[in-house]
Structures are given as C-alpha cells and as structure tokens.
>>> print(open('run.cif').read())   # mmCIF, C-alpha atoms
data_target
loop_
_atom_site.label_atom_id
_atom_site.label_comp_id
_atom_site.auth_asym_id
_atom_site.auth_seq_id
_atom_site.Cartn_x
_atom_site.Cartn_y
_atom_site.Cartn_z
CA GLN A 1 -107.65 89.07 -33.52
CA LEU A 2 -110.63 87.00 -32.46
CA GLN A 3 -112.80 88.28 -29.64
CA LEU A 4 -115.27 86.08 -27.79
CA GLN A 5 -118.10 87.33 -25.61
CA GLU A 6 -120.34 85.10 -23.52
CA SER A 7 -123.91 86.12 -22.78
CA GLY A 8 -126.91 84.62 -21.05
CA PRO A 9 -128.85 84.56 -17.78
CA GLY A 10 -126.79 84.94 -14.65
CA LEU A 11 -129.33 83.04 -12.59
CA VAL A 12 -130.97 79.73 -13.44
CA LYS A 13 -133.39 77.72 -11.33
CA PRO A 14 -132.60 74.13 -10.36
CA SER A 15 -133.84 71.50 -12.83
CA GLU A 16 -134.03 74.09 -15.63
CA THR A 17 -131.76 74.46 -18.65
CA LEU A 18 -128.74 76.75 -18.67
CA SER A 19 -128.34 78.42 -22.06
CA LEU A 20 -125.36 80.54 -23.03
CA THR A 21 -124.25 82.16 -26.26
CA CYS A 22 -120.74 83.07 -27.31
CA THR A 23 -120.54 85.78 -29.97
CA VAL A 24 -117.40 85.79 -32.06
CA SER A 25 -115.96 88.90 -33.66
CA GLY A 26 -112.79 89.63 -35.59
CA GLY A 27 -112.90 86.39 -37.54
CA SER A 28 -115.00 83.47 -38.63
CA MET A 29 -115.88 80.15 -37.10
CA SER A 30 -114.86 78.22 -40.18
CA SER A 31 -111.93 76.46 -38.57
CA ASN A 32 -110.46 75.74 -35.16
CA TYR A 33 -111.96 73.94 -32.23
CA TRP A 34 -114.74 75.76 -30.33
CA GLY A 35 -115.68 74.83 -26.82
CA TRP A 36 -116.88 75.60 -23.34
CA ILE A 37 -114.96 75.36 -20.09
CA ARG A 38 -116.30 76.13 -16.64
CA GLN A 39 -114.89 76.92 -13.22
CA PRO A 40 -116.96 76.67 -10.02
CA PRO A 41 -116.16 79.40 -7.51
CA GLY A 42 -112.85 78.68 -5.82
CA LYS A 43 -112.32 75.46 -7.76
CA GLY A 44 -110.48 74.21 -10.82
CA LEU A 45 -111.17 74.28 -14.54
CA GLU A 46 -113.48 71.71 -16.11
CA TRP A 47 -113.78 71.04 -19.81
CA ILE A 48 -117.44 70.78 -20.88
CA GLY A 49 -117.27 70.06 -24.59
CA THR A 50 -115.88 71.00 -27.97
CA LEU A 51 -117.25 71.46 -31.45
CA TYR A 52 -115.03 71.09 -34.49
CA SER A 53 -115.74 72.62 -37.87
CA GLY A 54 -118.06 70.30 -39.70
CA GLY A 55 -120.29 70.05 -36.68
CA ARG A 56 -118.63 67.20 -34.82
CA THR A 57 -119.07 67.52 -31.07
CA TYR A 58 -117.16 65.98 -28.19
CA TYR A 59 -118.46 66.15 -24.63
CA SER A 60 -117.10 65.49 -21.17
CA PRO A 61 -118.23 62.00 -20.19
CA SER A 62 -119.54 63.32 -16.86
CA LEU A 63 -121.77 65.91 -18.57
CA LYS A 64 -122.53 64.18 -21.85
CA SER A 65 -126.13 63.28 -20.99
CA ARG A 66 -127.03 66.92 -20.24
CA VAL A 67 -124.94 68.98 -22.68
CA THR A 68 -125.51 70.25 -26.19
CA ILE A 69 -123.04 72.52 -28.00
CA SER A 70 -123.91 73.98 -31.36
CA ALA A 71 -122.84 76.74 -33.70
CA ASP A 72 -124.62 79.19 -35.96
CA THR A 73 -121.85 80.21 -38.32
CA SER A 74 -124.09 82.73 -40.10
CA LYS A 75 -124.33 84.64 -36.84
CA ASN A 76 -120.82 83.76 -35.66
CA GLN A 77 -122.25 82.31 -32.47
CA LEU A 78 -121.51 79.26 -30.35
CA SER A 79 -124.16 77.99 -27.97
CA LEU A 80 -124.20 75.89 -24.83
CA ASN A 81 -127.22 74.18 -23.34
CA LEU A 82 -126.93 72.31 -20.05
CA SER A 83 -130.13 70.69 -18.86
CA PHE A 84 -131.40 69.71 -15.42
CA VAL A 85 -128.98 71.98 -13.61
CA THR A 86 -128.22 71.82 -9.90
CA ALA A 87 -126.23 74.02 -7.55
CA ALA A 88 -123.14 72.05 -8.61
CA ASP A 89 -123.41 73.68 -12.03
CA THR A 90 -122.83 77.13 -10.54
CA ALA A 91 -119.65 78.35 -12.21
CA VAL A 92 -117.96 80.85 -14.44
CA TYR A 93 -118.49 79.60 -17.98
CA TYR A 94 -115.83 80.36 -20.58
CA CYS A 95 -116.11 80.19 -24.34
CA VAL A 96 -112.80 79.10 -25.90
CA THR A 97 -111.39 78.49 -29.34
CA HIS A 98 -108.04 76.97 -30.21
CA THR A 99 -106.04 75.41 -33.01
CA TRP A 100 -105.52 71.66 -33.10
CA ASN A 101 -102.23 71.87 -31.18
CA PHE A 102 -103.16 74.81 -28.95
CA ALA A 103 -100.49 76.96 -30.55
CA SER A 104 -103.18 79.61 -30.54
CA ASP A 105 -106.19 80.07 -28.31
CA TYR A 106 -108.72 82.75 -27.49
CA TRP A 107 -110.96 82.93 -24.43
CA GLY A 108 -114.01 84.96 -23.58
CA GLN A 109 -113.99 86.88 -20.33
CA GLY A 110 -116.30 84.33 -18.76
CA THR A 111 -119.79 84.68 -17.36
CA LEU A 112 -120.93 83.63 -13.90
CA VAL A 113 -124.03 81.49 -13.82
CA THR A 114 -125.61 80.79 -10.47
CA VAL A 115 -128.09 77.97 -10.02
CA SER A 116 -130.52 78.85 -7.26
CA SER A 117 -134.23 79.02 -6.65
CA ASP B 1 -111.66 58.73 -20.09
CA ILE B 2 -108.20 60.18 -19.76
CA GLN B 3 -107.53 61.35 -16.21
CA MET B 4 -104.88 63.91 -15.33
CA THR B 5 -103.25 63.81 -11.90
CA GLN B 6 -101.48 67.05 -11.07
CA SER B 7 -99.15 67.47 -8.10
CA PRO B 8 -98.71 69.11 -5.77
CA SER B 9 -102.10 70.72 -5.26
CA ALA B 10 -100.44 73.63 -3.48
CA MET B 11 -96.96 74.73 -2.59
CA SER B 12 -95.20 77.55 -0.82
CA ALA B 13 -92.19 79.09 -2.47
CA SER B 14 -89.98 82.15 -2.31
CA VAL B 15 -88.86 84.56 -4.98
CA GLY B 16 -85.86 83.03 -6.72
CA ASP B 17 -86.87 79.44 -6.05
CA ARG B 18 -87.09 76.78 -8.72
CA VAL B 19 -90.60 75.35 -8.89
CA THR B 20 -91.60 72.04 -10.46
CA ILE B 21 -95.17 70.93 -11.11
CA THR B 22 -96.04 67.50 -12.47
CA CYS B 23 -98.97 66.12 -14.42
CA ARG B 24 -99.48 62.43 -14.98
CA ALA B 25 -101.92 61.10 -17.58
CA SER B 26 -103.82 57.85 -17.09
CA GLN B 27 -102.86 56.87 -20.63
CA GLY B 28 -100.47 58.19 -23.23
CA VAL B 29 -101.36 61.55 -24.73
CA GLY B 30 -98.27 62.07 -26.88
CA ASP B 31 -97.28 65.72 -26.63
CA HIS B 32 -100.87 66.97 -26.51
CA LEU B 33 -100.31 68.81 -23.26
CA VAL B 34 -100.79 72.49 -22.43
CA TRP B 35 -99.86 74.47 -19.32
CA PHE B 36 -101.91 77.47 -18.16
CA GLN B 37 -101.39 80.09 -15.50
CA GLN B 38 -104.42 81.66 -13.82
CA LYS B 39 -104.52 84.58 -11.42
CA PRO B 40 -107.59 85.34 -9.28
CA GLY B 41 -110.47 86.72 -11.30
CA LYS B 42 -108.56 86.39 -14.57
CA VAL B 43 -108.83 84.25 -17.67
CA PRO B 44 -106.29 81.41 -17.85
CA LYS B 45 -103.18 82.27 -19.81
CA ARG B 46 -101.45 79.66 -21.96
CA LEU B 47 -97.76 79.29 -21.15
CA ILE B 48 -96.71 76.10 -22.89
CA PHE B 49 -98.25 74.07 -25.69
CA ALA B 50 -97.24 70.77 -27.29
CA ALA B 51 -95.72 69.84 -23.92
CA SER B 52 -92.57 71.92 -24.35
CA SER B 53 -93.21 74.82 -26.76
CA LEU B 54 -93.05 78.18 -25.03
CA GLN B 55 -95.81 80.58 -26.02
CA SER B 56 -94.45 83.78 -27.54
CA GLY B 57 -94.09 86.48 -24.93
CA VAL B 58 -93.88 84.10 -21.99
CA PRO B 59 -90.65 84.52 -20.00
CA SER B 60 -87.98 81.91 -20.65
CA ARG B 61 -87.89 80.96 -16.96
CA PHE B 62 -90.96 78.84 -17.76
CA SER B 63 -90.30 75.51 -19.42
CA GLY B 64 -92.21 72.32 -20.09
CA SER B 65 -91.02 68.80 -20.64
CA GLY B 66 -92.32 65.28 -21.00
CA SER B 67 -94.34 63.14 -23.33
CA GLY B 68 -96.67 60.20 -23.13
CA THR B 69 -97.88 60.12 -19.53
CA GLU B 70 -95.45 62.27 -17.53
CA PHE B 71 -95.17 66.03 -17.89
CA THR B 72 -93.42 68.75 -15.95
CA LEU B 73 -93.71 72.52 -15.76
CA THR B 74 -90.62 74.18 -14.34
CA ILE B 75 -90.31 77.79 -13.26
CA ASN B 76 -86.70 78.82 -12.82
CA SER B 77 -86.09 81.71 -10.44
CA LEU B 78 -89.67 82.36 -9.37
CA GLN B 79 -90.71 86.01 -9.71
CA PRO B 80 -93.36 87.90 -7.70
CA GLU B 81 -95.76 87.88 -10.66
CA ASP B 82 -95.56 84.07 -10.87
CA PHE B 83 -97.59 83.46 -7.71
CA ALA B 84 -100.73 81.98 -9.25
CA THR B 85 -102.50 78.73 -9.95
CA TYR B 86 -101.21 76.48 -12.72
CA TYR B 87 -103.19 73.90 -14.68
CA CYS B 88 -102.25 71.25 -17.17
CA LEU B 89 -104.65 70.28 -19.94
CA GLN B 90 -104.43 67.23 -22.17
CA HIS B 91 -106.19 67.29 -25.54
CA HIS B 92 -105.61 63.86 -27.02
CA ASN B 93 -108.01 61.86 -29.18
CA TYR B 94 -110.82 64.39 -28.98
CA GLN B 95 -110.86 64.40 -25.22
CA TRP B 96 -109.84 67.36 -23.11
CA THR B 97 -109.03 66.98 -19.41
CA PHE B 98 -107.59 69.46 -16.93
CA GLY B 99 -105.39 68.65 -14.01
CA GLN B 100 -106.68 69.69 -10.60
CA GLY B 101 -104.42 72.73 -10.44
CA THR B 102 -101.39 73.76 -8.39
CA LYS B 103 -101.53 76.92 -6.31
CA VAL B 104 -98.12 78.49 -5.88
CA GLU B 105 -98.17 80.66 -2.77
CA VAL B 106 -95.71 82.92 -1.03
CA LYS B 107 -93.68 81.15 1.64
#
>>> encode(input="run.cif", output="structure tokens")
Amino acid sequence: QLQLQESGPGLVKPSETLSLTCTVSGGSMSSNYWGWIRQPPGKGLEWIGTLYSGGRTYYSPSLKSRVTISADTSKNQLSLNLSFVTAADTAVYYCVTHTWNFASDYWGQGTLVTVSS
Amino acid sequence: DIQMTQSPSAMSASVGDRVTITCRASQGVGDHLVWFQQKPGKVPKRLIFAASSLQSGVPSRFSGSGSGTEFTLTINSLQPEDFATYYCLQHHNYQWTFGQGTKVEVK
C-alpha cells in the first residue's frame, strides 16, 4: 500500500518560489503517473501537472510557465516548484499517483501553503 | 485545452432522492473520466473510473455513464453520508482537467 506525504514551507512570500516534496513509502516510483493537484480554500480542485515514468512531464496550460515537477527515484520523492507565486496560489497541495486508467490512485493528506508577506 | 463543464454547481436534495450530476467535455475524451467525492477537510475519494466502473467498496447506489463528451454520475436513493461535493476529472491525451464541482446539500 503506497503512502504519500507532502512536506514543505507552509508560508511563502509573494514573487518567491513554492517548493514541495512528496515522500513515497510502501512502494517504488517506477511506474504509474505522479502528479500534483491543488485546492484553494473553499474552491475546487485544480490539476497542476503530472510526471510519467521515464521523466515525461505534462503541465496545466495555465501554470506551465511557472511549474516544474521532478522525481528523485533513489529517494522515492516527487517535487513541485512553482515560481513567482501570488496570493492566488494559496491552496492545499496534494501529491497524487494513479494508474493509466485511474483504476487505482493514492493521495497524500495535502499540505496548506499560504502566500503572504 | 480540454475544458470540463460540470452542472449543477450546487443542489439541494433529501435522503432517498435520486441525484444526477453531469459533466460535459469540450472535446471527446473517450471513457477517460473519473468521479470523486470530497467531504470538508478530507482527501477526494474516487467513486467511478473509466466513466462507468465502480470502485471496489463504493456502494452500488453510485453509478456512472457516458462516453465522448457527455458523462453522468447518478446517486440512487441518496443517503445521509452522501452529502458532499462531487468532481469529475478527465485524463485524456496527457491532459487532466477537473470539473468545477457539485455541492450536494440537505434540502
């Protein structure tokens, strides 16, 4: 049973870079799709981007210019970097993995990141 | 970009009601459609995948249908624990897009 745990600063200043790490336990990152989803307080879910084994990445068109998702399989970690953040980037950030058809998925508990000076 | 239009955005219903939620894709996504349920402060829970496949352990009163651009989540005989927000997600051609969500509230 895979377990995902997000970690990183809970507070980021405007114009800086938001950096989060997702640590995976109970399995490897050698297959599946690995991604980040966020949810602003009181609002809906937004897909940020996905990394597929082999290193291919796919990003939301609205965030593509600011997002980088990468993986360190030796550490079983997935990373998210979102640059030039504003208050609109305040959200709970979820780490997610799923099979190609979503017959199986695992989510982290989510971590709240607030953008404020 | 593939856009997902989910309706209604909110609805009031009573225990025992039949509830129908619709998602429309801006272009065909085959059966690459997932339905989630989310309760306040909780992680989304997958109910349906591949448009109509019920996730193991999910009550049979939940069902999904559709393909291409029109999808429906139906809850037969709404139960107290079903009051929540529901989201569709398409994952076609290496794009992932959520619907805006439907909040099912107590009438």
>>> interface_residues(input="run.cif", of="chain A", to="chain B", cutoff="7 Å", atoms="all atoms listed in the file", output="PDB file with C-alpha atoms, in the frame of the given file")
ATOM      1  CA  GLY A  44    -110.480  74.210 -10.820  1.00  0.00           C
ATOM      2  CA  LEU A  45    -111.170  74.280 -14.540  1.00  0.00           C
ATOM      3  CA  GLU A  46    -113.480  71.710 -16.110  1.00  0.00           C
ATOM      4  CA  TRP A  47    -113.780  71.040 -19.810  1.00  0.00           C
ATOM      5  CA  TYR A  58    -117.160  65.980 -28.190  1.00  0.00           C
ATOM      6  CA  ASN A 101    -102.230  71.870 -31.180  1.00  0.00           C
ATOM      7  CA  PHE A 102    -103.160  74.810 -28.950  1.00  0.00           C
ATOM      8  CA  ALA A 103    -100.490  76.960 -30.550  1.00  0.00           C
ATOM      9  CA  GLN A 109    -113.990  86.880 -20.330  1.00  0.00           C
TER      10      GLN A 109
END
>>> resolve_selection(input="run.cif", expression="the PyMOL selection byres ((chain A and resi 78) around 9)", output="ChimeraX atom specification")
/A:20-24,29,34-35,51,69-73,75-77,79-80,95
>>> resolve_selection(input="run.cif", expression="the PyMOL selection byres ((chain A and resi 25) around 9)", output="PDB file with C-alpha atoms, keeping the file's coordinate frame")
ATOM      1  CA  GLN A   1    -107.650  89.070 -33.520  1.00  0.00           C
ATOM      2  CA  LEU A   2    -110.630  87.000 -32.460  1.00  0.00           C
ATOM      3  CA  GLN A   3    -112.800  88.280 -29.640  1.00  0.00           C
ATOM      4  CA  LEU A   4    -115.270  86.080 -27.790  1.00  0.00           C
ATOM      5  CA  GLN A   5    -118.100  87.330 -25.610  1.00  0.00           C
ATOM      6  CA  THR A  23    -120.540  85.780 -29.970  1.00  0.00           C
ATOM      7  CA  VAL A  24    -117.400  85.790 -32.060  1.00  0.00           C
ATOM      8  CA  GLY A  26    -112.790  89.630 -35.590  1.00  0.00           C
ATOM      9  CA  GLY A  27    -112.900  86.390 -37.540  1.00  0.00           C
ATOM     10  CA  SER A  28    -115.000  83.470 -38.630  1.00  0.00           C
ATOM     11  CA  ASN A  76    -120.820  83.760 -35.660  1.00  0.00           C
TER      12      ASN A  76
END
>>> atom_distance(input="run.cif", atom1="atom CA of Phe36 of chain B", atom2="atom CA of Thr72 of chain B")
12.4 Å
>>> resolve_selection(input="run.cif", expression="the PyMOL selection byres ((chain A and resi 60) around 7)", output="PyMOL selection string")
chain A and resi 47-49+59+61-64
>>> closest_residue(input="run.cif", among="A:Gly110, A:Pro41, A:Tyr33, A:Ser65", to="His98 of chain A", atoms="only C-alpha atoms")
A:Tyr33
>>> atom_distance(input="run.cif", atom1="atom CA of Pro8 of chain B", atom2="atom CA of Gly66 of chain B")
17.0 Å
>>> atom_distance(input="run.cif", atom1="atom CA of Leu11 of chain A", atom2="atom CA of Thr97 of chain A")
25.0 Å
>>> residues_around(input="run.cif", residues="Thr90 of chain A", least_positions_apart="4", cutoff="10 Å", atoms="all atoms listed in the file", output="list in words")
Gly10, Leu11, Val12, Arg38, Gln39, Pro40, Pro41, Val85, Thr86, Leu112, Val113, Thr114, Val115 and Ser116 of chain A
>>> write_last_selection(input="run.cif", atoms="C-alpha atoms", output="PDB file, in the frame of the given file")
ATOM      1  CA  GLY A  10    -126.790  84.940 -14.650  1.00  0.00           C
ATOM      2  CA  LEU A  11    -129.330  83.040 -12.590  1.00  0.00           C
ATOM      3  CA  VAL A  12    -130.970  79.730 -13.440  1.00  0.00           C
ATOM      4  CA  ARG A  38    -116.300  76.130 -16.640  1.00  0.00           C
ATOM      5  CA  GLN A  39    -114.890  76.920 -13.220  1.00  0.00           C
ATOM      6  CA  PRO A  40    -116.960  76.670 -10.020  1.00  0.00           C
ATOM      7  CA  PRO A  41    -116.160  79.400  -7.510  1.00  0.00           C
ATOM      8  CA  VAL A  85    -128.980  71.980 -13.610  1.00  0.00           C
ATOM      9  CA  THR A  86    -128.220  71.820  -9.900  1.00  0.00           C
ATOM     10  CA  LEU A 112    -120.930  83.630 -13.900  1.00  0.00           C
ATOM     11  CA  VAL A 113    -124.030  81.490 -13.820  1.00  0.00           C
ATOM     12  CA  THR A 114    -125.610  80.790 -10.470  1.00  0.00           C
ATOM     13  CA  VAL A 115    -128.090  77.970 -10.020  1.00  0.00           C
ATOM     14  CA  SER A 116    -130.520  78.850  -7.260  1.00  0.00           C
TER      15      SER A 116
END
>>> residues_around(input="run.cif", residues="Ser14 of chain B", least_positions_apart="3", cutoff="10 Å", atoms="only C-alpha atoms", output="short mmCIF file (atom, residue, chain, number, x, y, z; two decimals) with C-alpha atoms, in the coordinates of the input")
data_model
loop_
_atom_site.label_atom_id
_atom_site.label_comp_id
_atom_site.auth_asym_id
_atom_site.auth_seq_id
_atom_site.Cartn_x
_atom_site.Cartn_y
_atom_site.Cartn_z
CA ASP B 17 -86.87 79.44 -6.05
CA ARG B 18 -87.09 76.78 -8.72
CA VAL B 19 -90.60 75.35 -8.89
CA SER B 77 -86.09 81.71 -10.44
CA LEU B 78 -89.67 82.36 -9.37
CA GLN B 79 -90.71 86.01 -9.71
CA PRO B 80 -93.36 87.90 -7.70
CA PHE B 83 -97.59 83.46 -7.71
CA VAL B 104 -98.12 78.49 -5.88
CA GLU B 105 -98.17 80.66 -2.77
CA VAL B 106 -95.71 82.92 -1.03
CA LYS B 107 -93.68 81.15 1.64
#
>>> closest_residue(input="run.cif", among="B:Lys103, B:Gly30, B:Gln90, B:Arg61", to="Lys43 of chain A", atoms="all atoms listed in the file")
B:Lys103
>>> closest_residue(input="run.cif", among="A:Arg66, A:Trp100, A:Ala87, A:Leu18", to="Asn93 of chain B", atoms="all atoms listed in the file")
A:Trp100
>>> axis_aligned_box(input="run.cif", around="segment 59-67 of chain A", padding_each_side="3 Å", output="JSON")
{"center_x": -122.1, "center_y": 65.5, "center_z": -20.7, "size_x": 15.9, "size_y": 13.0, "size_z": 13.8}
>>> closest_residue(input="run.cif", among="A:Val92, A:Pro14, A:Ser19, A:Asn32", to="Tyr106 of chain A", atoms="only C-alpha atoms")
A:Asn32
